[in-house]
Amino acid sequence: MGEALIETHGLTRRFGALAAVNGVSLAFETGRVHAVIGPNGAGKSTFLNLLSGELRATSGRVLLRGEDVTRAPPDRLSRLGVGRAYQTANLFPELSSGDCVWLAAQSRLPSSMLFFRPAERYPQVGVRAARALEACGLSQRRSAIAGQLSYGEQRQLEIAMVLATEPSLLLLDEPLAGLGHDEALRIVALLREVAKGRTVILVEHDMDAVFSISDTVTVLVDGRVLVTGAPDEIRNSAAVREAYLGGEVA
Amino acid sequence: MRRQALLLAAAAALAAVAFSGDRFWLQFLGKAMIGCILAIGLDLLVGFTGMVSLAHSAFFGLAAYALALLTNRLGLVNPLVTLPACIAFAAAAALVIGWLSLRATGVYFIMVTLAFTQMLYYLFNDSPALGGSDGLYVQARPVDSRVAAYVVIWLALIAVYLVLSRVLRAPYGRVLEGIRGNEQRMRSLGYPTRRYKLVAFVIAGATAGVAGYLDATLYGFVNPAQLGWRQSGLILVTVLLGGKGTLYGPAFGALLLAFIEHYGEKVTEHWNALIAALVIAVVLFLPRGLAGLLQGRPRG
């Protein structure tokens with residue numbers, strides 16, 4: 001086992017009587033892609049929301065580099081290096097894609113309480129933004145309005161925005177959901193590039209993509225960890241097939 | 001560049017009035033420019049940050065009362081002392097009220113700002129020591145020549161406009177734009193958004209303080225109605241009429257309203273209905289306000 005960048009201990013979130021995430025203890029190792037899969041309602045998105053600070057845990061703890069961040073708000077977690085990409089387009093629909101990424105890059109200034117010098121005269125921000133656009137293949141589309149991009153391009157922009165915050169941990173929530181075949185292939189190729197040298201937690205439905213990108217896979221069922229293992233073990237596990245994959249995987 | 005040309009022409013025309021020395025126009029346009037400052041300041045919140053505040057008149061009134069109390073009670077008149085003091089007072093009040101109000105969002109935020117405004121209204125209205133419902137005279141005005149007061153107001157309007165334009169182009173202004181577009185995402189990108197909104201609220205409060213100070217200087221009089229929420233509602237209408245999110249739009253909205261009020265009064269005592277009709281027409285046919293007429297295409 002390598003060193004864990006982020007760990008959860010007995011992480012639990014209840015909505016009324018329902019425990020959407022129930023006593024999940026997992027360690028996510030530095031530099032690896034760790035997928036979290038499971039049937040609908042397994043608690044995957046709730047789990048990501050707990051890690052990104054968008055939901056408060058009912059009980060349990062989240063440790064980032066050993067520091068307890070269970071109650072940290074999203075903006076603090078972002079500054080600590082936790083970058084979150086969203087499943088449904090969560091952009092600035094009225095801004096150009098260049099400006100969306102600019103805002104993401106600007107968030108790495110020590111503070112944006114800067115009132116005098118025009119924003120474009122902070123070259124380090126522009127460089128970071130341009131690099132993220134380039135990495136996601138959007139350099140040509142930087143003046144297009146985010147709300148008018150195609151579905152696939154919006155997903156690229158989503159990832160570009162997170163990259164521009166230079167995260168050490170990347171949380172990806174179903175990056176392939178709703179994409180057509182060609183678009184999905186493009187995003188998978190992008191994810192493969194993005195994952196290099198980064199720590200990634202990937203929640204995804206597309207099994208082929210998960211098994212081809214991930215180093216480790218955790219299966220979540222009814223808010224609990226069913227099993228964690230290498231992609232091959234998961235693919236061949238009878239329990240997983242029973243609980244989740246059904247007849248899909250021969 | 002039609003916009004720049006129009007702004008320069010308007011600024012020059014307003015400056016030229018100072019040389020006319022005409023009592024009526026100095027008073028009338030001085031008042032109208034104070035309305036411009038109020039509208040520009042509120043636009044920072046409504047148009048650029050997406051926060052609708054009904055407390056704008058409160059900071060206007062607080063600065064005006066602060067001037068009356070400083071001059072009457074402490075004999076402080078010199079504008080180099082009283083102007084910063086009154087602006088600081090309005091900003092401090094905005095810090096406290098904003099800090100409390102920003103715990104709420106959306107329509108609840110509007111209601112909390114409304115509640116604070118009414119609280120202050122009744123505080124001044126019901127306290128004989130603060131002048132009660134009659135208000136207070138400013139016994140010695142910081143600037144007593146009419147022309148000088150007009151020039152000071154003109155300079156203040158230009159300064160507020162230039163400072164806010166500058167701030168909006170800086171990284172801070174981009175953050176406000178992001179908050180307007182998607183506040184939740186801004187938090188997830190690492191911005192503690194409430195802090196940025198609070199600073200915007202304080203800046204807007206300070207500009208309303210400038211307007212309140214100038215109003216008390218121009219008229220030598222303050223009364224509780226200036227603090228009330230109806231006043232805030234009127235400023236909000238001005239911002240929408242002129243075109244929110246443009247700064248200059250609300251300023252033109254304020255000038256237009258001043259003229260409608262003045263000439264409307266001569267035509268009919270129901271001039272308020274004229275304003276209402278105009279607002280309805282603008283909302284229906286010019287959703288980007290008067291400023292929409294100057295813009296070729298929707299803002300990116």
# chains A, B, ... in the order shown; residues from 1 in each chain; ligands from 1

$ select_by_dssp --residues "region 144-205 of chain A" --states "helix (DSSP H, G or I)" --output "NGL selection string"
:A and (146-148 or 151-164 or 181-195)

$ interface_residues --of "chain B" --to "chain A" --cutoff "9 Å" --atoms "only C-alpha atoms" --output "PDB file with C-alpha atoms, in the first residue's frame"
ATOM      1  CA  VAL B 163     -13.554  53.767  -8.836  1.00  0.00           C
ATOM      2  CA  ARG B 166     -11.855  50.047 -11.936  1.00  0.00           C
ATOM      3  CA  VAL B 167     -12.800  47.665  -9.126  1.00  0.00           C
ATOM      4  CA  LEU B 168     -15.047  45.703 -11.468  1.00  0.00           C
ATOM      5  CA  ARG B 169     -12.204  45.139 -13.923  1.00  0.00           C
ATOM      6  CA  ALA B 170      -9.879  43.911 -11.172  1.00  0.00           C
ATOM      7  CA  PRO B 171      -9.778  40.302  -9.929  1.00  0.00           C
ATOM      8  CA  TYR B 172     -12.286  41.252  -7.226  1.00  0.00           C
ATOM      9  CA  GLY B 173     -14.823  42.318  -9.867  1.00  0.00           C
ATOM     10  CA  ARG B 174     -14.420  39.021 -11.694  1.00  0.00           C
ATOM     11  CA  VAL B 175     -15.229  37.195  -8.488  1.00  0.00           C
ATOM     12  CA  GLU B 177     -19.368  38.274 -11.723  1.00  0.00           C
ATOM     13  CA  GLY B 178     -18.735  34.626 -10.885  1.00  0.00           C
ATOM     14  CA  ARG B 180     -23.727  36.288  -9.856  1.00  0.00           C
ATOM     15  CA  GLY B 181     -23.405  33.456 -12.371  1.00  0.00           C
ATOM     16  CA  ASN B 182     -23.028  30.485 -10.013  1.00  0.00           C
ATOM     17  CA  GLN B 184     -22.104  27.416  -5.409  1.00  0.00           C
ATOM     18  CA  ARG B 185     -19.498  26.757  -8.077  1.00  0.00           C
ATOM     19  CA  MET B 186     -17.426  29.712  -6.881  1.00  0.00           C
ATOM     20  CA  ARG B 187     -17.267  28.128  -3.429  1.00  0.00           C
ATOM     21  CA  SER B 188     -16.234  24.842  -4.945  1.00  0.00           C
ATOM     22  CA  LEU B 189     -13.465  26.683  -6.837  1.00  0.00           C
ATOM     23  CA  GLY B 190     -12.097  27.927  -3.525  1.00  0.00           C
ATOM     24  CA  TYR B 191     -13.710  31.343  -3.061  1.00  0.00           C
ATOM     25  CA  PRO B 192     -15.223  32.088   0.348  1.00  0.00           C
ATOM     26  CA  THR B 193     -18.096  33.845  -1.382  1.00  0.00           C
ATOM     27  CA  TYR B 196     -16.625  38.784  -1.129  1.00  0.00           C
ATOM     28  CA  VAL B 199     -17.095  43.542   0.927  1.00  0.00           C
ATOM     29  CA  ARG B 299     -23.196  40.995 -22.795  1.00  0.00           C
ATOM     30  CA  GLY B 300     -21.024  37.891 -22.639  1.00  0.00           C
TER      31      GLY B 300
END

$ residues_around --residues "region 72-80 of chain B" --least-positions-apart "4" --cutoff "10 Å" --atoms "only C-alpha atoms" --output "PyMOL selection string"
chain B and resi 66-68+84-86+136-143+213+217

$ residues_around --residues "Gln226 (chain B)" --least-positions-apart "4" --cutoff "8 Å" --atoms "only C-alpha atoms" --output "ChimeraX atom specification"
/B:57-58,60-61,222,231

$ residues_around --residues "Arg142 (chain A)" --least-positions-apart "3" --cutoff "8 Å" --atoms "only C-alpha atoms" --output "short mmCIF file (atom, residue, chain, number, x, y, z; two decimals) with N, CA and C atoms, in the first residue's frame"
data_model
loop_
_atom_site.label_atom_id
_atom_site.label_comp_id
_atom_site.auth_asym_id
_atom_site.auth_seq_id
_atom_site.Cartn_x
_atom_site.Cartn_y
_atom_site.Cartn_z
N SER A 96 -17.73 33.38 -21.19
CA SER A 96 -17.04 32.60 -22.22
C SER A 96 -16.28 31.47 -21.52
N SER A 97 -15.96 30.43 -22.28
CA SER A 97 -15.24 29.33 -21.63
C SER A 97 -13.88 29.81 -21.12
N GLY A 98 -13.27 30.76 -21.84
CA GLY A 98 -12.01 31.32 -21.36
C GLY A 98 -12.16 31.99 -20.00
N ASP A 99 -13.27 32.74 -19.83
CA ASP A 99 -13.49 33.43 -18.55
C ASP A 99 -13.83 32.45 -17.43
N LEU A 133 -7.01 25.07 -20.55
CA LEU A 133 -7.83 25.01 -21.77
C LEU A 133 -7.16 24.12 -22.80
N LEU A 138 -9.59 22.87 -25.59
CA LEU A 138 -10.58 23.93 -25.78
C LEU A 138 -9.95 25.26 -26.21
N SER A 139 -8.66 25.25 -26.53
CA SER A 139 -8.00 26.52 -26.86
C SER A 139 -8.72 27.28 -27.95
#

$ residues_around --residues "region 35-42 of chain B" --least-positions-apart "5" --cutoff "7 Å" --atoms "only C-alpha atoms" --output "list of chain:residue names"
B:His56, B:Leu157, B:Val160, B:Ala204, B:Thr207, B:Ala208, B:Ala211, B:Ile235, B:Thr238, B:Val239, B:Leu247, B:Pro250, B:Ala251, B:Ala254, B:Leu255

$ atom_distance --atom1 "CA of Phe15 (chain A)" --atom2 "CA of Ile201 (chain A)"
23.4 Å

$ closest_residue --among "A:Val125, A:Asp206, A:Leu170, A:Ala20" --to "Pro110 (chain A)" --atoms "only C-alpha atoms"
A:Val125

$ decode --residues "region 178-190 of chain A" --atoms "C-alpha atoms" --output "PDB file, in the first residue's frame"
ATOM      1  CA  GLY A 178     -25.095  11.436 -21.060  1.00  0.00           C
ATOM      2  CA  LEU A 179     -22.360  11.587 -23.703  1.00  0.00           C
ATOM      3  CA  GLY A 180     -22.596  10.014 -27.151  1.00  0.00           C
ATOM      4  CA  HIS A 181     -20.125   7.311 -28.147  1.00  0.00           C
ATOM      5  CA  ASP A 182     -17.581   9.586 -29.867  1.00  0.00           C
ATOM      6  CA  GLU A 183     -17.754  12.236 -27.202  1.00  0.00           C
ATOM      7  CA  ALA A 184     -17.284   9.567 -24.531  1.00  0.00           C
ATOM      8  CA  LEU A 185     -14.168   8.264 -26.297  1.00  0.00           C
ATOM      9  CA  ARG A 186     -12.754  11.780 -26.394  1.00  0.00           C
ATOM     10  CA  ILE A 187     -13.400  12.296 -22.677  1.00  0.00           C
ATOM     11  CA  VAL A 188     -11.915   8.899 -21.770  1.00  0.00           C
ATOM     12  CA  ALA A 189      -8.733   9.839 -23.649  1.00  0.00           C
ATOM     13  CA  LEU A 190      -8.731  13.176 -21.803  1.00  0.00           C
TER      14      LEU A 190
END
